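**Student:** So that you have it, the file is input-v6.cif, and it contains mmCIF, C-alpha atoms and all ligand atoms:
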data_model
loop_
_atom_site.label_atom_id
_atom_site.label_comp_id
_atom_site.auth_asym_id
_atom_site.auth_seq_id
_atom_site.Cartn_x
_atom_site.Cartn_y
_atom_site.Cartn_z
CA MET A 17 0.00 0.00 0.00
CA LYS A 18 1.01 3.63 -0.34
CA ALA A 19 1.85 5.60 2.81
CA LEU A 20 3.09 9.12 3.44
CA ARG A 21 6.14 8.81 5.67
CA TYR A 22 8.63 10.98 7.46
CA LEU A 23 11.75 8.94 6.72
CA GLU A 24 14.63 10.78 8.27
CA HIS A 25 15.56 14.07 9.91
CA GLY A 26 15.45 17.05 7.57
CA ARG A 27 13.54 15.29 4.80
CA ARG A 28 10.10 16.32 3.64
CA PRO A 29 7.47 13.54 3.88
CA GLU A 30 7.50 11.06 1.00
CA LEU A 31 5.07 8.61 -0.51
CA VAL A 32 6.41 5.05 -0.19
CA ASP A 33 5.17 1.50 -0.79
CA ILE A 34 4.85 -0.68 2.32
CA GLU A 35 3.04 -3.86 3.34
CA VAL A 36 -0.56 -3.64 4.51
CA PRO A 37 -0.27 -4.12 8.31
CA THR A 38 -1.89 -7.05 10.11
CA PRO A 39 -3.92 -6.22 13.23
CA GLY A 40 -2.44 -7.76 16.38
CA PRO A 41 -4.37 -8.88 19.46
CA GLY A 42 -7.05 -6.33 20.36
CA GLN A 43 -6.31 -4.16 17.32
CA VAL A 44 -8.44 -3.07 14.39
CA LEU A 45 -7.44 -2.60 10.74
CA LEU A 46 -9.13 0.32 8.96
CA LYS A 47 -9.28 1.02 5.26
CA VAL A 48 -8.62 4.74 5.45
CA THR A 49 -11.24 7.03 3.93
CA ALA A 50 -9.77 10.38 5.01
CA ALA A 51 -6.79 11.79 6.93
CA GLY A 52 -6.29 15.40 8.02
CA VAL A 53 -3.10 17.46 7.78
CA CYS A 54 -2.22 19.20 11.05
CA HIS A 55 0.38 21.85 11.70
CA SER A 56 1.70 19.68 14.56
CA ASP A 57 3.16 17.36 11.89
CA GLU A 58 5.28 20.30 10.74
CA VAL A 59 6.32 20.91 14.36
CA VAL A 60 7.38 17.25 14.70
CA MET A 61 9.33 17.30 11.44
CA ALA A 62 11.03 20.58 12.39
CA MET A 63 12.22 19.21 15.77
CA PRO A 64 15.94 18.73 16.32
CA GLU A 65 16.60 15.01 15.97
CA GLU A 66 17.56 14.56 19.66
CA GLN A 67 14.24 16.02 20.73
CA PHE A 68 12.34 13.87 18.20
CA LEU A 69 13.98 10.71 19.56
CA ALA A 70 13.72 11.81 23.19
CA ARG A 71 9.96 12.13 22.78
CA GLY A 72 9.80 8.49 21.77
CA TYR A 73 9.24 9.10 18.06
CA SER A 74 11.14 7.00 15.54
CA TYR A 75 11.59 6.66 11.77
CA PRO A 76 9.97 5.75 9.48
CA LEU A 77 6.80 7.45 10.69
CA THR A 78 3.57 7.31 8.70
CA LEU A 79 1.98 10.72 9.32
CA GLY A 80 -1.65 11.47 10.05
CA HIS A 81 -3.23 11.81 13.51
CA GLU A 82 -6.69 12.72 12.16
CA GLY A 83 -8.07 9.51 10.67
CA ALA A 84 -11.33 8.00 9.46
CA GLY A 85 -11.96 4.67 7.78
CA ILE A 86 -13.98 1.54 7.25
CA ILE A 87 -13.41 -1.44 9.54
CA GLU A 88 -11.57 -3.99 7.39
CA ALA A 89 -10.48 -6.60 9.98
CA PHE A 90 -10.30 -7.28 13.71
CA GLY A 91 -7.21 -8.73 15.37
CA PRO A 92 -7.47 -11.76 17.66
CA GLY A 93 -9.53 -11.33 20.81
CA VAL A 94 -11.50 -8.23 19.82
CA ASN A 95 -14.90 -8.31 21.45
CA THR A 96 -17.08 -5.53 20.07
CA SER A 97 -20.46 -4.49 18.78
CA PHE A 98 -18.77 -2.83 15.79
CA SER A 99 -19.05 -4.80 12.55
CA LEU A 100 -16.79 -5.19 9.55
CA GLY A 101 -17.63 -2.40 7.09
CA ASP A 102 -18.63 0.15 9.76
CA ALA A 103 -17.54 3.73 9.06
CA VAL A 104 -15.59 5.20 11.98
CA ALA A 105 -13.45 8.13 13.07
CA VAL A 106 -10.36 7.59 15.22
CA TYR A 107 -9.88 9.16 18.64
CA GLY A 108 -6.17 10.03 18.47
CA PRO A 109 -4.75 10.70 21.96
CA TRP A 110 -4.44 7.06 22.88
CA GLY A 111 -3.96 6.23 26.55
CA CYS A 112 -3.59 3.10 28.64
CA GLY A 113 -7.34 2.77 29.23
CA ARG A 114 -7.05 1.94 32.93
CA CYS A 115 -5.56 4.97 34.77
CA HIS A 116 -7.83 7.50 36.48
CA SER A 117 -7.64 9.98 33.57
CA CYS A 118 -8.40 7.30 31.00
CA SER A 119 -11.30 6.00 33.06
CA THR A 120 -12.92 9.44 32.82
CA GLY A 121 -12.32 9.47 29.07
CA ALA A 122 -9.42 11.93 29.32
CA GLU A 123 -6.94 9.67 27.55
CA ASN A 124 -5.25 12.87 26.35
CA TYR A 125 -3.97 13.19 29.92
CA CYS A 126 -3.20 9.50 30.48
CA THR A 127 -0.69 9.14 33.28
CA ASN A 128 0.83 5.93 31.89
CA ALA A 129 1.11 6.61 28.15
CA ALA A 130 4.58 8.15 28.21
CA ALA A 131 6.07 5.47 30.46
CA GLU A 132 4.46 2.65 28.49
CA GLY A 133 5.39 4.06 25.08
CA ILE A 134 1.76 4.49 24.02
CA ARG A 135 1.73 7.10 21.24
CA PRO A 136 -1.00 8.57 19.04
CA PRO A 137 -1.23 7.40 15.45
CA GLY A 138 0.92 9.64 13.25
CA LEU A 139 2.68 10.98 16.35
CA GLY A 140 4.71 7.93 17.27
CA ALA A 141 2.49 5.04 16.19
CA GLN A 142 1.93 4.61 12.43
CA GLY A 143 -0.70 7.07 11.27
CA ALA A 144 -3.62 7.56 8.94
CA MET A 145 -1.91 8.83 5.77
CA ALA A 146 -1.94 5.46 4.10
CA GLU A 147 -4.41 3.14 2.46
CA TYR A 148 -4.78 1.20 5.72
CA MET A 149 -4.08 1.95 9.36
CA ILE A 150 -4.03 0.07 12.65
CA VAL A 151 -6.06 1.34 15.61
CA ASP A 152 -4.84 -0.06 18.92
CA ASP A 153 -8.25 -0.58 20.54
CA VAL A 154 -11.96 -0.41 19.61
CA ARG A 155 -12.25 2.10 22.47
CA HIS A 156 -10.69 4.61 20.07
CA LEU A 157 -13.33 4.24 17.36
CA LEU A 158 -16.32 6.55 17.03
CA PRO A 159 -19.16 5.52 14.70
CA LEU A 160 -19.48 7.99 11.82
CA GLY A 161 -22.86 6.77 10.64
CA ASP A 162 -23.82 8.81 7.62
CA LEU A 163 -21.40 11.67 8.35
CA ASP A 164 -19.08 12.23 5.40
CA PRO A 165 -15.55 11.15 6.43
CA VAL A 166 -13.75 13.76 4.32
CA GLN A 167 -15.79 16.65 5.69
CA ASN A 168 -15.62 15.43 9.29
CA VAL A 169 -12.31 13.62 9.85
CA SER A 170 -10.66 16.80 11.15
CA LEU A 171 -13.18 17.09 13.94
CA THR A 172 -10.96 14.47 15.65
CA ASP A 173 -8.31 17.16 16.24
CA ALA A 174 -9.06 20.50 14.55
CA GLY A 175 -12.53 20.18 16.13
CA LEU A 176 -11.75 18.34 19.36
CA THR A 177 -8.75 20.43 20.43
CA PRO A 178 -10.50 23.83 20.25
CA TYR A 179 -13.62 22.24 21.77
CA HIS A 180 -11.65 21.07 24.82
CA ALA A 181 -9.99 24.50 25.03
CA VAL A 182 -13.19 26.51 24.67
CA LYS A 183 -15.38 24.31 26.87
CA GLN A 184 -13.34 24.99 29.99
CA SER A 185 -13.73 28.75 29.56
CA LEU A 186 -17.48 28.75 28.89
CA PRO A 187 -18.40 29.88 32.45
CA LYS A 188 -16.44 33.09 31.78
CA LEU A 189 -17.92 33.66 28.33
CA VAL A 190 -21.31 34.99 29.39
CA ALA A 191 -23.39 37.43 27.35
CA GLY A 192 -21.48 40.68 27.01
CA SER A 193 -18.08 38.98 27.30
CA TRP A 194 -15.26 39.02 24.73
CA ALA A 195 -13.18 36.21 23.28
CA VAL A 196 -10.05 36.59 21.16
CA VAL A 197 -8.91 33.89 18.72
CA ILE A 198 -5.39 34.19 17.33
CA GLY A 199 -4.77 32.14 14.17
CA ALA A 200 -7.76 31.24 11.98
CA GLY A 201 -6.23 28.09 10.50
CA GLY A 202 -7.34 24.47 10.85
CA LEU A 203 -8.02 24.67 14.59
CA GLY A 204 -8.82 28.36 14.81
CA HIS A 205 -11.59 28.43 12.23
CA VAL A 206 -13.42 25.69 14.16
CA GLY A 207 -12.66 27.45 17.46
CA ILE A 208 -14.43 30.58 16.21
CA GLN A 209 -17.53 28.56 15.27
CA LEU A 210 -17.55 26.83 18.67
CA LEU A 211 -17.35 30.14 20.53
CA LYS A 212 -20.24 31.52 18.49
CA GLU A 213 -22.33 28.36 18.99
CA LEU A 214 -21.64 27.72 22.66
CA SER A 215 -20.96 31.05 24.31
CA GLY A 216 -22.35 34.55 24.65
CA ALA A 217 -19.02 36.13 23.75
CA THR A 218 -18.32 38.59 20.98
CA VAL A 219 -15.44 37.05 19.00
CA ILE A 220 -12.41 38.96 17.72
CA ALA A 221 -10.22 36.87 15.38
CA LEU A 222 -6.70 37.65 14.22
CA ASP A 223 -4.52 36.29 11.47
CA VAL A 224 -1.81 37.51 9.14
CA THR A 225 -3.37 37.56 5.67
CA GLU A 226 -6.60 38.89 4.22
CA GLU A 227 -7.45 35.34 2.96
CA LYS A 228 -7.26 33.97 6.51
CA LEU A 229 -9.26 36.89 7.88
CA GLU A 230 -11.92 36.01 5.31
CA VAL A 231 -11.93 32.42 6.65
CA ALA A 232 -12.41 33.89 10.14
CA ARG A 233 -15.31 36.07 8.99
CA HIS A 234 -16.90 33.10 7.26
CA ALA A 235 -16.53 31.07 10.49
CA GLY A 236 -18.55 33.74 12.29
CA ALA A 237 -16.03 36.11 13.87
CA ASP A 238 -17.67 39.39 14.84
CA TYR A 239 -14.47 41.38 14.28
CA VAL A 240 -11.28 40.45 12.40
CA LEU A 241 -7.94 42.16 12.85
CA PRO A 242 -4.49 41.80 11.32
CA SER A 243 -2.17 40.22 13.89
CA ASP A 244 0.31 43.09 14.10
CA ALA A 245 1.75 45.64 16.50
CA ASP A 246 -1.53 47.60 16.54
CA ALA A 247 -3.68 44.59 17.45
CA ALA A 248 -3.48 44.95 21.25
CA GLY A 249 -4.57 48.59 21.09
CA LYS A 250 -7.47 47.78 18.80
CA ILE A 251 -8.65 44.96 21.09
CA ARG A 252 -8.48 47.31 24.10
CA GLU A 253 -10.51 49.85 22.15
CA LEU A 254 -13.17 47.31 21.10
CA THR A 255 -13.47 45.98 24.65
CA ARG A 256 -13.70 49.54 26.07
CA GLY A 257 -10.39 49.13 27.84
CA LEU A 258 -11.32 45.96 29.72
CA GLY A 259 -9.65 43.34 27.53
CA ALA A 260 -10.88 39.86 26.62
CA ASN A 261 -12.40 37.37 29.08
CA ALA A 262 -10.77 34.52 27.19
CA VAL A 263 -7.93 34.43 24.69
CA PHE A 264 -7.22 31.37 22.54
CA ASP A 265 -3.81 31.42 20.91
CA PHE A 266 -3.73 28.87 18.09
CA VAL A 267 -0.22 29.98 17.10
CA GLY A 268 1.82 30.04 20.33
CA ALA A 269 4.70 32.12 18.94
CA GLN A 270 6.44 34.80 20.98
CA PRO A 271 4.49 37.75 19.53
CA THR A 272 1.10 36.02 19.79
CA MET A 273 1.73 34.92 23.36
CA ALA A 274 2.77 38.46 24.27
CA LEU A 275 -0.44 39.71 22.65
CA SER A 276 -2.52 37.06 24.50
CA GLN A 277 -1.01 38.14 27.79
CA SER A 278 -1.47 41.85 27.14
CA VAL A 279 -5.15 41.74 26.16
CA ALA A 280 -6.34 39.48 29.00
CA ALA A 281 -9.04 41.05 31.17
CA THR A 282 -9.17 40.66 34.95
CA GLY A 283 -10.00 37.02 35.66
CA ALA A 284 -9.46 35.98 32.03
CA ASP A 285 -8.43 32.58 30.73
CA VAL A 286 -5.37 32.75 28.50
CA THR A 287 -5.25 29.47 26.61
CA ILE A 288 -2.21 28.62 24.54
CA VAL A 289 -2.94 25.86 22.05
CA GLY A 290 -0.31 26.53 19.37
CA LEU A 291 3.12 24.98 19.63
CA ALA A 292 5.27 27.61 17.93
CA GLY A 293 7.69 27.76 20.86
CA GLY A 294 6.79 31.07 22.52
CA THR A 295 7.14 31.59 26.26
CA MET A 296 5.40 33.82 28.79
CA THR A 297 6.62 35.45 31.99
CA VAL A 298 3.83 36.10 34.45
CA GLY A 299 3.83 37.86 37.78
CA PHE A 300 2.21 40.84 39.49
CA GLY A 301 1.87 43.68 37.00
CA LEU A 302 2.72 41.46 34.03
CA ILE A 303 -0.76 40.03 33.48
CA ALA A 304 -4.24 41.01 34.66
CA PHE A 305 -5.26 40.08 38.21
CA ASP A 306 -6.63 36.57 38.59
CA ALA A 307 -5.88 35.64 34.97
CA ALA A 308 -5.22 31.94 34.41
CA VAL A 309 -2.86 30.56 31.79
CA ARG A 310 -3.70 27.14 30.39
CA ILE A 311 -1.81 24.80 28.05
CA PRO A 312 -4.41 22.22 27.01
CA TYR A 313 -3.68 19.14 24.92
CA TRP A 314 -6.18 17.64 22.45
CA GLY A 315 -9.44 16.48 24.14
CA THR A 316 -11.36 13.69 25.84
CA ARG A 317 -13.33 10.82 24.35
CA GLY A 318 -16.57 12.30 25.67
CA GLU A 319 -15.74 15.67 24.13
CA MET A 320 -15.12 13.99 20.78
CA ILE A 321 -18.66 12.60 20.90
CA GLU A 322 -19.91 16.09 21.75
CA VAL A 323 -18.09 17.67 18.79
CA PHE A 324 -19.48 15.07 16.40
CA GLU A 325 -22.98 15.74 17.77
CA LEU A 326 -22.54 19.43 16.96
CA ALA A 327 -21.45 18.50 13.42
CA ARG A 328 -24.38 16.14 13.02
CA ALA A 329 -26.70 18.99 13.98
CA GLY A 330 -25.02 21.22 11.38
CA ARG A 331 -23.72 23.60 14.05
CA VAL A 332 -19.98 23.28 13.28
CA GLY A 333 -18.19 22.25 10.12
CA VAL A 334 -14.68 22.08 8.78
CA GLN A 335 -13.71 24.03 5.68
CA VAL A 336 -11.90 21.30 3.73
CA GLN A 337 -9.28 21.50 1.00
CA GLU A 338 -9.08 18.00 -0.52
CA TYR A 339 -5.93 16.22 -1.79
CA SER A 340 -5.30 12.67 -3.04
CA LEU A 341 -2.69 10.53 -1.27
CA GLY A 342 -0.40 11.18 -4.25
CA GLN A 343 -0.81 14.92 -3.63
CA ALA A 344 -0.14 14.59 0.12
CA PRO A 345 3.44 15.98 -0.10
CA GLN A 346 1.95 19.03 -1.83
CA ALA A 347 -0.60 19.41 0.97
CA TYR A 348 2.28 19.77 3.43
CA GLU A 349 4.01 22.30 1.17
CA ASP A 350 0.77 24.29 1.00
CA LEU A 351 0.32 24.15 4.79
CA HIS A 352 3.95 25.22 5.25
CA ALA A 353 3.38 28.16 2.89
CA GLY A 354 0.19 29.21 4.72
CA ALA A 355 -1.85 28.45 1.60
CA VAL A 356 -4.44 26.10 3.15
CA ARG A 357 -7.82 27.62 3.95
CA GLY A 358 -9.40 25.62 6.75
CA ARG A 359 -8.00 22.08 6.79
CA ALA A 360 -6.19 20.02 4.15
CA VAL A 361 -7.62 16.49 4.03
CA ILE A 362 -6.00 13.54 2.25
CA VAL A 363 -8.35 11.10 0.51
CA PRO A 364 -6.51 7.83 -0.26
P1 LIG B 1 -2.67 26.07 10.69
O1 LIG B 1 -1.38 26.29 9.98
O2 LIG B 1 -3.81 25.48 9.97
O3 LIG B 1 -3.17 27.45 11.32
C1 LIG B 1 -2.34 28.38 11.92
C2 LIG B 1 -2.88 29.77 11.57
O4 LIG B 1 -2.17 30.75 12.29
C3 LIG B 1 -2.74 30.11 10.09
O5 LIG B 1 -3.97 30.58 9.58
C4 LIG B 1 -1.68 31.20 10.09
O6 LIG B 1 -1.85 32.14 9.03
C5 LIG B 1 -1.91 31.83 11.43
N1 LIG B 1 -0.78 32.59 11.96
C6 LIG B 1 0.55 32.34 11.82
N2 LIG B 1 1.26 33.29 12.46
C7 LIG B 1 0.37 34.13 13.02
C8 LIG B 1 0.49 35.28 13.83
N3 LIG B 1 1.67 35.78 14.18
N4 LIG B 1 -0.65 35.87 14.26
C9 LIG B 1 -1.87 35.40 13.92
N5 LIG B 1 -2.03 34.30 13.14
C10 LIG B 1 -0.92 33.69 12.71
O7 LIG B 1 -2.31 25.22 11.99
P2 LIG B 1 -3.27 24.26 12.87
O8 LIG B 1 -3.18 22.87 12.32
O9 LIG B 1 -4.56 24.91 13.06
O10 LIG B 1 -2.48 24.23 14.25
C11 LIG B 1 -2.37 25.42 15.03
C12 LIG B 1 -1.36 25.22 16.13
O11 LIG B 1 -1.90 24.37 17.13
C13 LIG B 1 -0.05 24.56 15.68
O12 LIG B 1 1.01 25.11 16.44
C14 LIG B 1 -0.26 23.12 16.08
O13 LIG B 1 0.96 22.44 16.25
C15 LIG B 1 -1.00 23.30 17.37
N6 LIG B 1 -1.81 22.17 17.85
C16 LIG B 1 -1.87 21.99 19.18
C17 LIG B 1 -2.68 21.01 19.71
C18 LIG B 1 -2.78 20.83 21.19
O14 LIG B 1 -3.34 19.85 21.62
N7 LIG B 1 -2.29 21.77 21.99
C19 LIG B 1 -3.42 20.18 18.85
C20 LIG B 1 -3.35 20.40 17.47
C21 LIG B 1 -2.54 21.42 16.99
ZN ZN B 2 -2.95 17.92 15.36
ZN ZN B 3 -4.28 6.01 31.05
#
Take the structure in this file and express it as structure tokens.

**Tutor:**
Amino acid sequence: MKALRYLEHGRRPELVDIEVPTPGPGQVLLKVTAAGVCHSDEVVMAMPEEQFLARGYSYPLTLGHEGAGIIEAFGPGVNTSFSLGDAVAVYGPWGCGRCHSCSTGAENYCTNAAAEGIRPPGLGAQGAMAEYMIVDDVRHLLPLGDLDPVQNVSLTDAGLTPYHAVKQSLPKLVAGSWAVVIGAGGLGHVGIQLLKELSGATVIALDVTEEKLEVARHAGADYVLPSDADAAGKIRELTRGLGANAVFDFVGAQPTMALSQSVAATGADVTIVGLAGGTMTVGFGLIAFDAAVRIPYWGTRGEMIEVFELARAGRVGVQVQEYSLGQAPQAYEDLHAGAVRGRAVIVP
């Protein structure tokens, strides 16, 4: 089968021919129907090699941590009500399944995964950018039913991650409140929709090009602003000097984290989702009183069901730019160049 793999440090991902994998005990083999392209893949491929290896990643790595497929085969010992041929989406932040976090569905915060070498598909385990993929446990399958896999596969990360981030701040986002979203890319354009659907906040979205600001407007942002040196002042003006009750930074670079910090209102949540390597120094006088800084990771199994329910009801959707598996290297070039509107999705 064809698979898109990161083969060695410094190389761009390449399409290679490999054997179709066989599901081991407890595992499931999916025929992949769609796989989303996330900026985190770029972060992984840009890591210094020591860091890549220290995090438990290894080569060759089939990319793709947003996956959907059709159940092709069960490994030995799988006991499930799923049937061969069922359409499913894959919950990506795999955990051990038995620790306290996992038992609440928060496998994204599994306390055993690191020690036991349990890694998400495409981020350590072999991922979804291939004709077939292995899922480690039926626990990580969500029935798609009649939801289109290409349109919805990215809800597993570009939907779930902003959902988890936004949900925790909902008590602060009452009517009359303000939310700021920095970066209207794959995650950000869903984050804007979630804020509009679930909260009473007025949403200000920022990005760096007019095309991306148009994506933000289309997603429902009430105001859009270029992410530049004037942005903080304009946000202060819009919020009548008070600042935003929640800031979601889907970039996480030094300038966006500085902006996030500077526009936080008293008691705000400042949520850094992006992994661009920025840092923040907080202390009295450096951030608003009672502000909380959060660094969330992905989302829970229950939240994934919630996001898919919103999609089923037509209340959130992913703007998809489709590529074939053969075009997958180009999808990464386009993401790298900032030329993807919404999410790039690979259709094998
Ligand atoms: P993306 O490339 O689709 O979107 C990023 C957006 O940010 C783009 O629209 C880009 O134009 C914009 N941008 C870049 N620099 C900017 C700036 N200075 N100000 C404002 N906007 C700017 O990426 P994505 O797939 O949506 O991922 C976003 C980030 O979230 C990445 O860093 C990714 O690694 C990270 N991520 C984190 C988690 C998590 O669990 N914490 C999960 C998934 C992705
Ligand atoms: Zn991701
Ligand atoms: Zn666990």

**Student:** Give the centre and edge lengths of an axis-aligned box, in Å to one decimal, that holds all listed atoms of stretch 95-99 of chain A with 5 Å on each side, as JSON.

**Tutor:**
{"center_x": -17.7, "center_y": -5.6, "center_z": 17.0, "size_x": 15.6, "size_y": 15.5, "size_z": 18.9}

**Student:** For A:Ala327, which residue out of A:Ala191, A:Leu171, A:Ser215, A:Ile311 is the nearest one, using all atoms listed in the file?

**Tutor:** A:Leu171

**Student:** How would you report the residues lying within 8 Å of ligand ZN 2 (chain B), as a ChimeraX atom specification, if you count all atoms listed in the file?

**Tutor:** /A:53-57,81-82,173-174,314

**Student:** Got a sec to check which residues lie within 6 Å of ligand ZN 3 (chain B), using all atoms listed in the file, and send them as a PyMOL selection string?

**Tutor:** chain A and resi 111-115+117-118+123+126-128

**Student:** Please indicate the distance in Å from atom CA of A:Val263 to atom CA of A:Tyr348, rounded to one decimal place.

**Tutor:**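 Pair atom CA of A:Val263 / atom CA of A:Tyr348 returns 27.8 Å.
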
**Student:** Between A:Met273, A:Ile34, A:Ala347, A:Ala262, which is the closest to A:Ala308 once you count all atoms listed in the file?

**Tutor:** A:Ala262

**Student:** Calculated over all atoms listed in the file, which of the candidates A:His180, A:Arg328, A:Lys212, A:Arg357 has the smallest distance to A:Ala195?

**Tutor:**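 Looking at the shortest contact to A:Ala195, the residue is A:Lys212.
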
**Student:** List the neighbours of stretch 86-102 of chain A out to 7 Å using only C-alpha atoms; skip same-chain residues closer than 6 positions along the sequence, and give me the result as number ranges by chain.

**Tutor:** A: 39-49

**Student:** Which of these, A:Glu349, A:Glu35, A:Glu65, A:Asp153, has the shortest distance to A:Gly108 once you count only C-alpha atoms?

**Tutor:** A:Asp153

**Student:** Which residues sit within 7 Å of ligand LIG 1 (chain B), counting all atoms listed in the file, listed as a PyMOL selection string?

**Tutor:** chain A and resi 54-56+59+173-174+177+198-204+222-225+228+243+266-269+271-272+289-292+311-314+351+354+356+358-359

**Student:** Would you kindly return, as a list in words, each protein, DNA or RNA residue with an atom no farther than 12 Å from any atom of A:Val190, considering all atoms listed in the file and excluding same-chain residues fewer than 6 positions away?

**Tutor:**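 The neighbour list is Leu211, Lys212, Leu214, Ser215, Gly216, Ala217, Thr218, Ala260, Asn261 and Ala262 of chain A.
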
**Student:** Just how far from atom CA of A:Gly207 is atom CA of A:Gly294, in Å to one decimal?

**Tutor:**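 One can read the atom CA of A:Gly294 to atom CA of A:Gly207 distance as 20.4 Å.
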
**Student:** Restricting the calculation to only C-alpha atoms: of A:Thr172, A:Thr295, A:Gln142, A:Gln277, which residue gets closest to A:Ser74?

**Tutor:** A:Gln142

**Student:** Fewer than 6 positions away in the same chain doesn't count, so skip those; otherwise give me all residues within 9 Å of stretch 23-28 of chain A, counting all atoms listed in the file, as a list in words.

**Tutor:**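 The filter keeps Met61, Ala62, Met63, Pro64, Glu65, Phe68, Ser74, Tyr75, Pro76, Leu77, Thr78, Pro345, Tyr348 and Glu349 of chain A.
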
**Student:** One number please: atom CA of A:Ala144 to atom CA of A:Val334, in Å, one decimal.

**Tutor:** 18.3 Å

**Student:** Counting all atoms listed in the file, figure out which residue out of A:Pro137, A:Gly257, A:Gly121, A:Pro242 gets nearest to A:Ala280.

**Tutor:**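 Nearest to A:Ala280: A:Gly257.
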
**Student:** Mind checking which residues fall within 9 Å of A:Ile303, counting only C-alpha atoms, ignoring those fewer than 6 positions away in the same chain, and posting them as a ChimeraX atom specification?

**Tutor:** /A:277-282,297

**Student:** List the spatial neighbours of A:Ala141 as a ChimeraX atom specification - criterion: any atom at most 10 Å away, only C-alpha atoms, same-chain residues fewer than 4 positions off excluded.

**Tutor:** /A:72-74,77-81,110,133-137,149-152
